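Presented below is the structure to which this report refers.
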Amino acid sequence: MEYLNPSPAACLPQTMWLVHRTIMGRPGISTDDLFDLVVPVDLRSSVPSDAHHFKSALGALRKLRLVRADGATLHSKKLSGPEAFLRQLRHRIVQPPHAFEEGFEGAEDIRNGLIWLMRESPARALDYDGDVATRTKTFVNFTRWNTFRTWCEVLGFGHTALDIQAVGRAGNRIVPNPTRAVMDAIKEPFGDPLARGQQIPIGRLLDFLRAELPVLPGHPSATFDGLDEGDENALRVVGLALTAAEELGVLKMSYQSDPSGVMALPDAQQGQPRYVSAVTIAK
């Protein structure tokens with residue numbers, strides 16, 4: 001399944017949550033009844049793309065195994081709210097498919113897009129015509145890049161550039177920034193949590209983040225055919241996320257006088273690297 005392909009309608013995470021929440025509140029609902037609730041009959045004449053957004057969302061939820069069909073009825077896991085749903089959605093997209101049960105396909109186009117994005121510098125916004133089309137074949141065309149903008153922002157790996165003078169396609173730019181994904185992984189991990197209130201080596205934190213978010217540079221699966229493997233920006237997005245997390249009180253970074261391992265955060269202090277050997281996760 002192509003998640004970024006807008007033909008006949010793009011698969012959007014907001015629609016996926018609406019569909020999932022409806023199934024969650026009515027376990028055992030049929031597809032027809034679900035369609036009637038999400039796309040009421042009286043509104044269908046004005047719904048764009050013949051309601052294919054609904055069909056794409058339901059298909060994606062089933063592919064990612066967030067919704068299962070039991071005969072003619074649909075069921076979904078009980079989740080506490082949209083944050084928990086996005087956490088599950090992010091997990092199923094960023095992990096390589098082999099991390100799940102046999103036959104799981106994942107969302108290769110979104111995952112490859114995130115792998116590519118996390119190797120770009122967060123110092124400038126990425127424009128499709130000037131950056132994407134000339135440097136990668138990850139996105140077949142501008143419309144898929146436009147859909148990707150929504151996905152990377154919702155999943156916490158980037159945000160739309162704020163430029164009041166940018167118009168048209170030039171206004172559809174992305175700044176790589178995994179801060180929200182990194183902070184959420186620290187607070188609500190799928191694996192073993194990090195120790196809180198005590199110093200841990202910076203290498204332990206990096207290993208943890210790459211396991212939780214294996215689209216980050218350095219994870220063995222964070223690659224694909226045709227990806228530029230240059231490591232010039234390998235730590236830039238991670239450094240930005242850790243610096244922002246520190247400013248927001250999620251963690252505290254420090255440098256020990258006799259460290260066993262050191263990370264140099266690029267351009268962290270007036271254009272100079274900041275050397276970090278340990279980190280303390282807030283209680």
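Chain identifiers are assigned as A, B, and so on, following the order in which chains appear in the structure tokens; residues are numbered from 1 within each chain, and ligands are numbered from 1 in order of appearance.
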field: Residues near stretch 82-91 of chain A, cut-off 10 Å, only C-alpha atoms, skip fewer than 6 positions along chain, as a VMD selection string
entry: chain A and resid 13 to 14 16 to 18 20 to 21 61 64 to 66 106 111 151 to 152 154 to 156 181 184 to 185 188 to 190 212 to 214
message: Taking only stretch 72-172 of chain A into account, list the residues labelled strand (DSSP E) by DSSP (computed from the backbone), as a list of chain:residue names.
response: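 Matching residues for strand (DSSP E) in stretch 72-172 of chain A are A:Thr73, A:Leu74, A:His75, A:Ser76, A:Gly158, A:His159, A:Thr160.
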field: Distance in Å - atom CA of A:Leu206 versus atom CA of A:Ile174
entry: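 One can read the atom CA of A:Leu206 to atom CA of A:Ile174 distance as 24.1 Å.
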- request: Identify which of the residues A:Ala60, A:Phe148, A:Asp207, A:Gln198 lies closest to A:Glu105, counting only C-alpha atoms when measuring atom-to-atom distances.
  value: A:Ala60
Check which residues of stretch 92-205 of chain A sit at most 8 Å from stretch 272-282 of chain A using only C-alpha atoms, and return one row each with the closest pair of atoms and their distance in Å to one decimal, ordered by chain and rising number, as a Markdown table.
| residue | atom | partner | partner_atom | distance |
| --- | --- | --- | --- | --- |
| A:Leu194 | CA | A:Ile281 | CA | 7.5 |
| A:Ala195 | CA | A:Ile281 | CA | 7.0 |
| A:Arg196 | CA | A:Ile281 | CA | 4.9 |
| A:Gly197 | CA | A:Ala282 | CA | 5.6 |
| A:Gln198 | CA | A:Thr280 | CA | 5.4 |
| A:Gln199 | CA | A:Thr280 | CA | 4.6 |
| A:Ile200 | CA | A:Ala278 | CA | 5.5 |
| A:Pro201 | CA | A:Ala278 | CA | 4.4 |
| A:Ile202 | CA | A:Ala278 | CA | 4.7 |
| A:Gly203 | CA | A:Ser277 | CA | 7.9 |
| A:Leu205 | CA | A:Val279 | CA | 7.7 |
- prompt: Smallest atom-to-atom distance to A:Asp225: which of A:Ala241, A:Ile93, A:Ala133, A:Ile115, using only C-alpha atoms?
  reply: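 Counting only C-alpha atoms, the residue closest to A:Asp225 is A:Ile115.
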Neighbour list for stretch 121-123 of chain A as an NGL selection string, cut-off 9 Å, only C-alpha atoms, skip fewer than 5 positions in-chain: :A and (158 or 175-177 or 232-234 or 236-237 or 240)
Using only N, CA and C atoms, please write the residues we just selected to a file, as an mmCIF file, in the first residue's frame.
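What follows is the written file out01.cif:
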data_model
loop_
_atom_site.group_PDB
_atom_site.id
_atom_site.type_symbol
_atom_site.label_atom_id
_atom_site.label_comp_id
_atom_site.auth_asym_id
_atom_site.auth_seq_id
_atom_site.Cartn_x
_atom_site.Cartn_y
_atom_site.Cartn_z
ATOM 1 N N GLY A 158 9.200 16.546 12.186
ATOM 2 C CA GLY A 158 9.474 17.772 11.446
ATOM 3 C C GLY A 158 8.302 18.719 11.577
ATOM 4 N N VAL A 175 11.059 21.566 7.940
ATOM 5 C CA VAL A 175 12.266 21.644 8.749
ATOM 6 C C VAL A 175 12.415 20.321 9.493
ATOM 7 N N PRO A 176 13.487 19.571 9.274
ATOM 8 C CA PRO A 176 13.685 18.326 10.022
ATOM 9 C C PRO A 176 13.839 18.617 11.515
ATOM 10 N N ASN A 177 13.022 17.983 12.335
ATOM 11 C CA ASN A 177 13.078 18.235 13.779
ATOM 12 C C ASN A 177 12.330 17.115 14.508
ATOM 13 N N GLU A 232 27.432 13.656 7.230
ATOM 14 C CA GLU A 232 27.687 15.057 7.565
ATOM 15 C C GLU A 232 26.666 15.589 8.561
ATOM 16 N N ASN A 233 25.398 15.196 8.405
ATOM 17 C CA ASN A 233 24.337 15.703 9.275
ATOM 18 C C ASN A 233 23.816 14.638 10.235
ATOM 19 N N ALA A 234 24.568 13.540 10.414
ATOM 20 C CA ALA A 234 24.056 12.387 11.154
ATOM 21 C C ALA A 234 23.631 12.734 12.581
ATOM 22 N N ARG A 236 22.992 16.011 13.637
ATOM 23 C CA ARG A 236 22.383 17.333 13.744
ATOM 24 C C ARG A 236 20.939 17.263 14.241
ATOM 25 N N VAL A 237 20.129 16.391 13.669
ATOM 26 C CA VAL A 237 18.734 16.333 14.114
ATOM 27 C C VAL A 237 18.639 15.789 15.528
ATOM 28 N N LEU A 240 19.703 18.568 17.900
ATOM 29 C CA LEU A 240 18.625 19.543 18.057
ATOM 30 C C LEU A 240 17.561 19.025 19.013
#
- prompt: From the list A:Pro6, A:Pro193, A:Gly103, A:Gly261, which residue is nearest A:Arg144 when using only C-alpha atoms?
  reply: A:Pro6
All alpha helix (DSSP H) residues (DSSP, backbone) inside stretch 3-190 of chain A, as a PyMOL selection string: chain A and resi 13-25+31-38+52-63+82-94+108-117+133-135+142-154+179-187
